[in-house]
Amino acid sequence: MYDLIIVGAGPAGLTAALYALRANKKVLVLEAKCYGGQIINANKIENYPAINDISGVDFANNLYEQAKNLGMDLKYEEVIAIEEDKVVVTNKNKYQAKAIVLATGTEKRKLGLAKEDEYLGKGISYCATCDGHFYKNKIVAVVGGGNTALEDALYLSKIVERVYLIHRRSEFRGEKKYYDLLRETSNVTFILNAEVIKLNGSDQLESIDIRDKDGDISNIAISCLFVAIGQKPANDKFANLIDLDEDGYIKAYDDVHTNKKGIYVAGDARTKEVRQLTTAVADGTIAATMAIREMR
Amino acid sequence: MSVIQIEEKDFFEKTKKGKVLVDCYADWCGPCRMLSPIIDELSDEVNDCLFYKLNVDNAEKITDKYKIMSIPTVLFFNDGELKMTIVGLRSKDDFKELLEKI
């Protein structure tokens, strides 16, 4: 029997572990793939208070080591269900806890177009900093309108010949700072009010079809499409017990409580206005603290 | 067993015999840095396979030949023949299962 089982080893989950371990609780962290969460994709974090800059991987490693040194038990198992009375079912085992923190985060949203999976690594990328270097002096496109899309376009503009930045609205959601920088970058071309509707090519991606707001379709030859259209939660497997909102985020009451007593939610997986690293670790802190306080 | 760094010039010599796994990475790629310790652990647990890592920054011929356009990419060989290419981060157990199929 564990005091606390935490599902997900991103910043929210690992912070919850940190707080619970420091309170001498018996903690199990379950992670399907690899600790660190989405932050490992961040080239540089520059908005975390008191840290000038740090890479996402270093941040994840530091946090992991910190919890590990307190005796964190982390198992690489995929949680497939939560049952009544706080039973956590994984692909390998069943565990019983006094309280559960769901810190399942989000995953990258796909366009949902035919051949998108087939072209992964062959002209479709979800990580500009990982794959940009393979497209030196080539023509590429970024699709999206948030900070990630703007940062990706800026990053790629230094490597490739030309970047098309495609966004379905007339204005970007991302910070104005990035937009201003992009406007001054000569090899970035904005394509606004347009959607990517088709991926063309044989063995690899060769061009995309885009449709503008009048319904006119045009074709752009590119070597790679970098997809940065945001994140989506993956909480459907908990829907039998836990209330989700219409987008699939776990409904949070009073910060980190779910509809189920003794089950908490922390980080990007929950309903909230601001999904940032700072708010994820804040959630982890609150969830662990409340779980311990309300434990019976 | 451990994961041995290889150079482009030695690539075909090193991969021509038996089961071989090559972790293609770069220092500037976050997910690659997360995959590296996973492959390290895998190499401690699996004995019938050789484990190598290749820095793609110094291996243009190899990245061209195997059309590596996204990293991390893991290449699986058996007696020099490419059997499988896995793009992106996976768990240790996933890699174990994949290795058993080679």
# chains A, B, ... in the order shown; residues from 1 in each chain; ligands from 1
>>> interface_residues(of="chain A", to="chain B", cutoff="9 Å", atoms="only C-alpha atoms", output="JSON, numbers by chain")
{"A": [32, 33, 34, 35, 36, 40, 41, 42, 43, 55, 56, 57, 61, 76, 120, 121, 122, 123, 124, 125, 127, 129, 130, 131, 132, 133, 134, 135]}
>>> residues_around(residues="A:Arg162", least_positions_apart="4", cutoff="10 Å", atoms="only C-alpha atoms", output="VMD selection string")
chain A and resid 136 to 141 153 156 to 158 186 to 189 222
>>> write_last_selection(atoms="N, CA, C and O atoms", output="PDB file, in the first residue's frame")
ATOM      1  N   LYS A 136      19.074  22.110 -43.703  1.00  0.00           N
ATOM      2  CA  LYS A 136      19.926  23.255 -44.035  1.00  0.00           C
ATOM      3  C   LYS A 136      19.705  23.684 -45.483  1.00  0.00           C
ATOM      4  O   LYS A 136      19.733  22.854 -46.397  1.00  0.00           O
ATOM      5  N   ASN A 137      19.461  24.980 -45.673  1.00  0.00           N
ATOM      6  CA  ASN A 137      19.288  25.557 -47.007  1.00  0.00           C
ATOM      7  C   ASN A 137      18.094  24.999 -47.781  1.00  0.00           C
ATOM      8  O   ASN A 137      18.027  25.116 -48.998  1.00  0.00           O
ATOM      9  N   LYS A 138      17.169  24.370 -47.092  1.00  0.00           N
ATOM     10  CA  LYS A 138      15.965  23.866 -47.750  1.00  0.00           C
ATOM     11  C   LYS A 138      14.801  24.815 -47.446  1.00  0.00           C
ATOM     12  O   LYS A 138      14.905  25.723 -46.620  1.00  0.00           O
ATOM     13  N   ILE A 139      13.680  24.561 -48.146  1.00  0.00           N
ATOM     14  CA  ILE A 139      12.472  25.336 -47.878  1.00  0.00           C
ATOM     15  C   ILE A 139      11.549  24.513 -46.977  1.00  0.00           C
ATOM     16  O   ILE A 139      11.274  23.342 -47.267  1.00  0.00           O
ATOM     17  N   VAL A 140      11.119  25.121 -45.877  1.00  0.00           N
ATOM     18  CA  VAL A 140      10.270  24.398 -44.926  1.00  0.00           C
ATOM     19  C   VAL A 140       9.064  25.264 -44.544  1.00  0.00           C
ATOM     20  O   VAL A 140       9.003  26.441 -44.899  1.00  0.00           O
ATOM     21  N   ALA A 141       8.129  24.647 -43.846  1.00  0.00           N
ATOM     22  CA  ALA A 141       6.978  25.400 -43.336  1.00  0.00           C
ATOM     23  C   ALA A 141       6.739  25.043 -41.878  1.00  0.00           C
ATOM     24  O   ALA A 141       7.054  23.934 -41.448  1.00  0.00           O
ATOM     25  N   ALA A 153       9.728  28.964 -35.970  1.00  0.00           N
ATOM     26  CA  ALA A 153       9.979  29.682 -37.222  1.00  0.00           C
ATOM     27  C   ALA A 153      11.259  30.517 -37.105  1.00  0.00           C
ATOM     28  O   ALA A 153      12.078  30.562 -38.029  1.00  0.00           O
ATOM     29  N   LEU A 156      14.282  28.139 -37.067  1.00  0.00           N
ATOM     30  CA  LEU A 156      14.535  27.549 -38.387  1.00  0.00           C
ATOM     31  C   LEU A 156      15.070  28.587 -39.375  1.00  0.00           C
ATOM     32  O   LEU A 156      15.869  28.258 -40.260  1.00  0.00           O
ATOM     33  N   SER A 157      14.645  29.848 -39.214  1.00  0.00           N
ATOM     34  CA  SER A 157      15.054  30.891 -40.168  1.00  0.00           C
ATOM     35  C   SER A 157      16.572  31.056 -40.199  1.00  0.00           C
ATOM     36  O   SER A 157      17.136  31.516 -41.188  1.00  0.00           O
ATOM     37  N   LYS A 158      17.224  30.644 -39.134  1.00  0.00           N
ATOM     38  CA  LYS A 158      18.681  30.757 -39.068  1.00  0.00           C
ATOM     39  C   LYS A 158      19.380  29.588 -39.756  1.00  0.00           C
ATOM     40  O   LYS A 158      20.593  29.614 -39.955  1.00  0.00           O
ATOM     41  N   SER A 186      14.071  38.326 -42.968  1.00  0.00           N
ATOM     42  CA  SER A 186      13.736  38.406 -44.394  1.00  0.00           C
ATOM     43  C   SER A 186      13.323  37.071 -45.003  1.00  0.00           C
ATOM     44  O   SER A 186      12.592  37.041 -45.982  1.00  0.00           O
ATOM     45  N   ASN A 187      13.784  35.955 -44.436  1.00  0.00           N
ATOM     46  CA  ASN A 187      13.449  34.671 -45.074  1.00  0.00           C
ATOM     47  C   ASN A 187      12.237  33.972 -44.443  1.00  0.00           C
ATOM     48  O   ASN A 187      12.066  32.765 -44.581  1.00  0.00           O
ATOM     49  N   VAL A 188      11.424  34.749 -43.739  1.00  0.00           N
ATOM     50  CA  VAL A 188      10.173  34.185 -43.206  1.00  0.00           C
ATOM     51  C   VAL A 188       8.990  34.797 -43.959  1.00  0.00           C
ATOM     52  O   VAL A 188       8.888  36.010 -44.085  1.00  0.00           O
ATOM     53  N   THR A 189       8.129  33.928 -44.479  1.00  0.00           N
ATOM     54  CA  THR A 189       6.937  34.390 -45.190  1.00  0.00           C
ATOM     55  C   THR A 189       5.692  33.973 -44.409  1.00  0.00           C
ATOM     56  O   THR A 189       5.534  32.798 -44.090  1.00  0.00           O
ATOM     57  N   ILE A 222       7.721  22.042 -50.277  1.00  0.00           N
ATOM     58  CA  ILE A 222       8.576  22.163 -49.085  1.00  0.00           C
ATOM     59  C   ILE A 222       9.242  20.819 -48.797  1.00  0.00           C
ATOM     60  O   ILE A 222       8.766  19.770 -49.241  1.00  0.00           O
TER      61      ILE A 222
END
>>> residues_around(residues="A:Glu83", least_positions_apart="4", cutoff="12 Å", atoms="only C-alpha atoms", output="PyMOL selection string")
chain A and resi 79+87-90+94-97+100+237-242+260+263
>>> residues_around(residues="stretch 285-287 of chain A", least_positions_apart="3", cutoff="9 Å", atoms="only C-alpha atoms", output="PDB file with C-alpha atoms, in the first residue's frame")
ATOM      1  CA  ALA A  12       4.089  18.488 -11.945  1.00  0.00           C
ATOM      2  CA  THR A  15       7.313  18.090  -7.810  1.00  0.00           C
ATOM      3  CA  ALA A  16       4.410  16.293  -6.121  1.00  0.00           C
ATOM      4  CA  ALA A  17       6.795  13.394  -5.437  1.00  0.00           C
ATOM      5  CA  LEU A  18       9.363  15.774  -3.975  1.00  0.00           C
ATOM      6  CA  TYR A  19       6.883  17.250  -1.515  1.00  0.00           C
ATOM      7  CA  ALA A  20       5.401  13.900  -0.502  1.00  0.00           C
ATOM      8  CA  VAL A 101      -2.209  12.529  -8.150  1.00  0.00           C
ATOM      9  CA  ASP A 255      -7.055  24.163  -7.666  1.00  0.00           C
ATOM     10  CA  VAL A 256      -6.218  20.481  -7.736  1.00  0.00           C
ATOM     11  CA  HIS A 257      -9.201  18.415  -6.540  1.00  0.00           C
ATOM     12  CA  TYR A 264      -5.987  15.033  -7.336  1.00  0.00           C
ATOM     13  CA  VAL A 265      -4.834  16.526 -10.623  1.00  0.00           C
ATOM     14  CA  ALA A 266      -1.713  18.578 -11.307  1.00  0.00           C
ATOM     15  CA  ALA A 280       2.837  22.887 -13.287  1.00  0.00           C
ATOM     16  CA  VAL A 281       5.263  22.812 -10.356  1.00  0.00           C
ATOM     17  CA  ALA A 282       2.826  24.941  -8.332  1.00  0.00           C
ATOM     18  CA  MET A 290      -3.512  18.691  -0.016  1.00  0.00           C
ATOM     19  CA  ALA A 291      -3.309  14.918  -0.495  1.00  0.00           C
ATOM     20  CA  ILE A 292      -1.214  14.564   2.670  1.00  0.00           C
TER      21      ILE A 292
END
>>> closest_residue(among="A:Leu182, A:Ala60, A:Val196, A:Ala288", to="A:Ala23", atoms="only C-alpha atoms")
A:Ala288
>>> select_by_dssp(residues="chain B", states="strand (DSSP E)", output="PyMOL selection string")
chain B and resi 3-6+19-25+50-55+73-78+81-87
>>> write_last_selection(atoms="N, CA and C atoms", output="compact mmCIF listing (two decimals), in the first residue's frame")
# COMPACT_ATOMS: atom_id res chain seq x y z
N VAL B 3 27.32 0.97 -24.24
CA VAL B 3 27.06 1.59 -25.54
C VAL B 3 28.36 2.27 -26.00
N ILE B 4 28.81 1.89 -27.17
CA ILE B 4 30.10 2.39 -27.66
C ILE B 4 29.89 3.45 -28.75
N GLN B 5 30.59 4.53 -28.60
CA GLN B 5 30.53 5.61 -29.61
C GLN B 5 31.24 5.13 -30.89
N ILE B 6 30.60 5.29 -32.05
CA ILE B 6 31.31 4.95 -33.29
C ILE B 6 31.41 6.16 -34.22
N LYS B 19 23.35 -9.00 -34.30
CA LYS B 19 22.34 -8.00 -33.98
C LYS B 19 23.04 -6.73 -33.51
N VAL B 20 22.67 -5.62 -34.13
CA VAL B 20 23.30 -4.35 -33.77
C VAL B 20 22.23 -3.26 -33.66
N LEU B 21 22.35 -2.47 -32.62
CA LEU B 21 21.46 -1.30 -32.46
C LEU B 21 22.32 -0.04 -32.49
N VAL B 22 21.91 0.94 -33.31
CA VAL B 22 22.65 2.20 -33.36
C VAL B 22 21.72 3.36 -32.97
N ASP B 23 22.11 4.07 -31.93
CA ASP B 23 21.36 5.25 -31.45
C ASP B 23 21.95 6.47 -32.15
N CYS B 24 21.20 7.05 -33.09
CA CYS B 24 21.67 8.22 -33.84
C CYS B 24 21.18 9.47 -33.12
N TYR B 25 22.08 10.31 -32.70
CA TYR B 25 21.73 11.43 -31.81
C TYR B 25 22.53 12.68 -32.19
N LEU B 50 24.80 -5.85 -30.05
CA LEU B 50 25.82 -4.82 -29.84
C LEU B 50 25.14 -3.45 -29.88
N PHE B 51 25.61 -2.56 -29.02
CA PHE B 51 24.98 -1.24 -28.90
C PHE B 51 25.98 -0.14 -29.25
N TYR B 52 25.59 0.70 -30.21
CA TYR B 52 26.47 1.81 -30.60
C TYR B 52 25.69 3.11 -30.59
N LYS B 53 26.43 4.20 -30.47
CA LYS B 53 25.80 5.52 -30.68
C LYS B 53 26.60 6.32 -31.70
N LEU B 54 25.88 7.04 -32.54
CA LEU B 54 26.49 7.77 -33.64
C LEU B 54 26.02 9.23 -33.59
N ASN B 55 26.97 10.14 -33.54
CA ASN B 55 26.65 11.57 -33.55
C ASN B 55 26.36 12.00 -35.00
N THR B 73 16.90 8.80 -33.79
CA THR B 73 16.53 7.67 -34.62
C THR B 73 17.36 6.48 -34.19
N VAL B 74 16.70 5.35 -34.01
CA VAL B 74 17.42 4.13 -33.66
C VAL B 74 17.33 3.15 -34.82
N LEU B 75 18.51 2.69 -35.27
CA LEU B 75 18.58 1.74 -36.38
C LEU B 75 18.88 0.34 -35.82
N PHE B 76 18.14 -0.65 -36.32
CA PHE B 76 18.37 -2.05 -35.92
C PHE B 76 18.93 -2.81 -37.12
N PHE B 77 20.06 -3.47 -36.94
CA PHE B 77 20.66 -4.27 -38.01
C PHE B 77 20.76 -5.73 -37.58
N ASN B 78 20.67 -6.61 -38.58
CA ASN B 78 21.03 -8.01 -38.35
C ASN B 78 21.94 -8.43 -39.49
N GLU B 81 22.20 -6.01 -42.35
CA GLU B 81 20.98 -5.61 -43.05
C GLU B 81 20.10 -4.77 -42.12
N LEU B 82 19.65 -3.61 -42.61
CA LEU B 82 18.78 -2.75 -41.80
C LEU B 82 17.42 -3.42 -41.67
N LYS B 83 17.01 -3.69 -40.41
CA LYS B 83 15.76 -4.41 -40.18
C LYS B 83 14.63 -3.47 -39.76
N MET B 84 15.01 -2.38 -39.07
CA MET B 84 13.96 -1.51 -38.54
C MET B 84 14.54 -0.14 -38.21
N THR B 85 13.70 0.88 -38.37
CA THR B 85 14.10 2.24 -38.00
C THR B 85 13.04 2.80 -37.05
N ILE B 86 13.45 3.22 -35.89
CA ILE B 86 12.50 3.78 -34.93
C ILE B 86 12.83 5.26 -34.73
N VAL B 87 11.85 6.11 -35.01
CA VAL B 87 12.04 7.56 -34.85
C VAL B 87 11.37 8.00 -33.55
>>> select_by_dssp(residues="stretch 67-206 of chain A", states="helix (DSSP H, G or I)", output="list in words")
Ala67, Lys68, Ala128, Thr129, Cys130, Asp131, Gly132, His133, Phe134, Tyr135, Asn147, Thr148, Ala149, Leu150, Glu151, Asp152, Ala153, Leu154, Tyr155, Leu156, Ser157, Lys176, Lys177, Tyr178, Tyr179, Asp180, Leu181, Leu182 and Arg183 of chain A
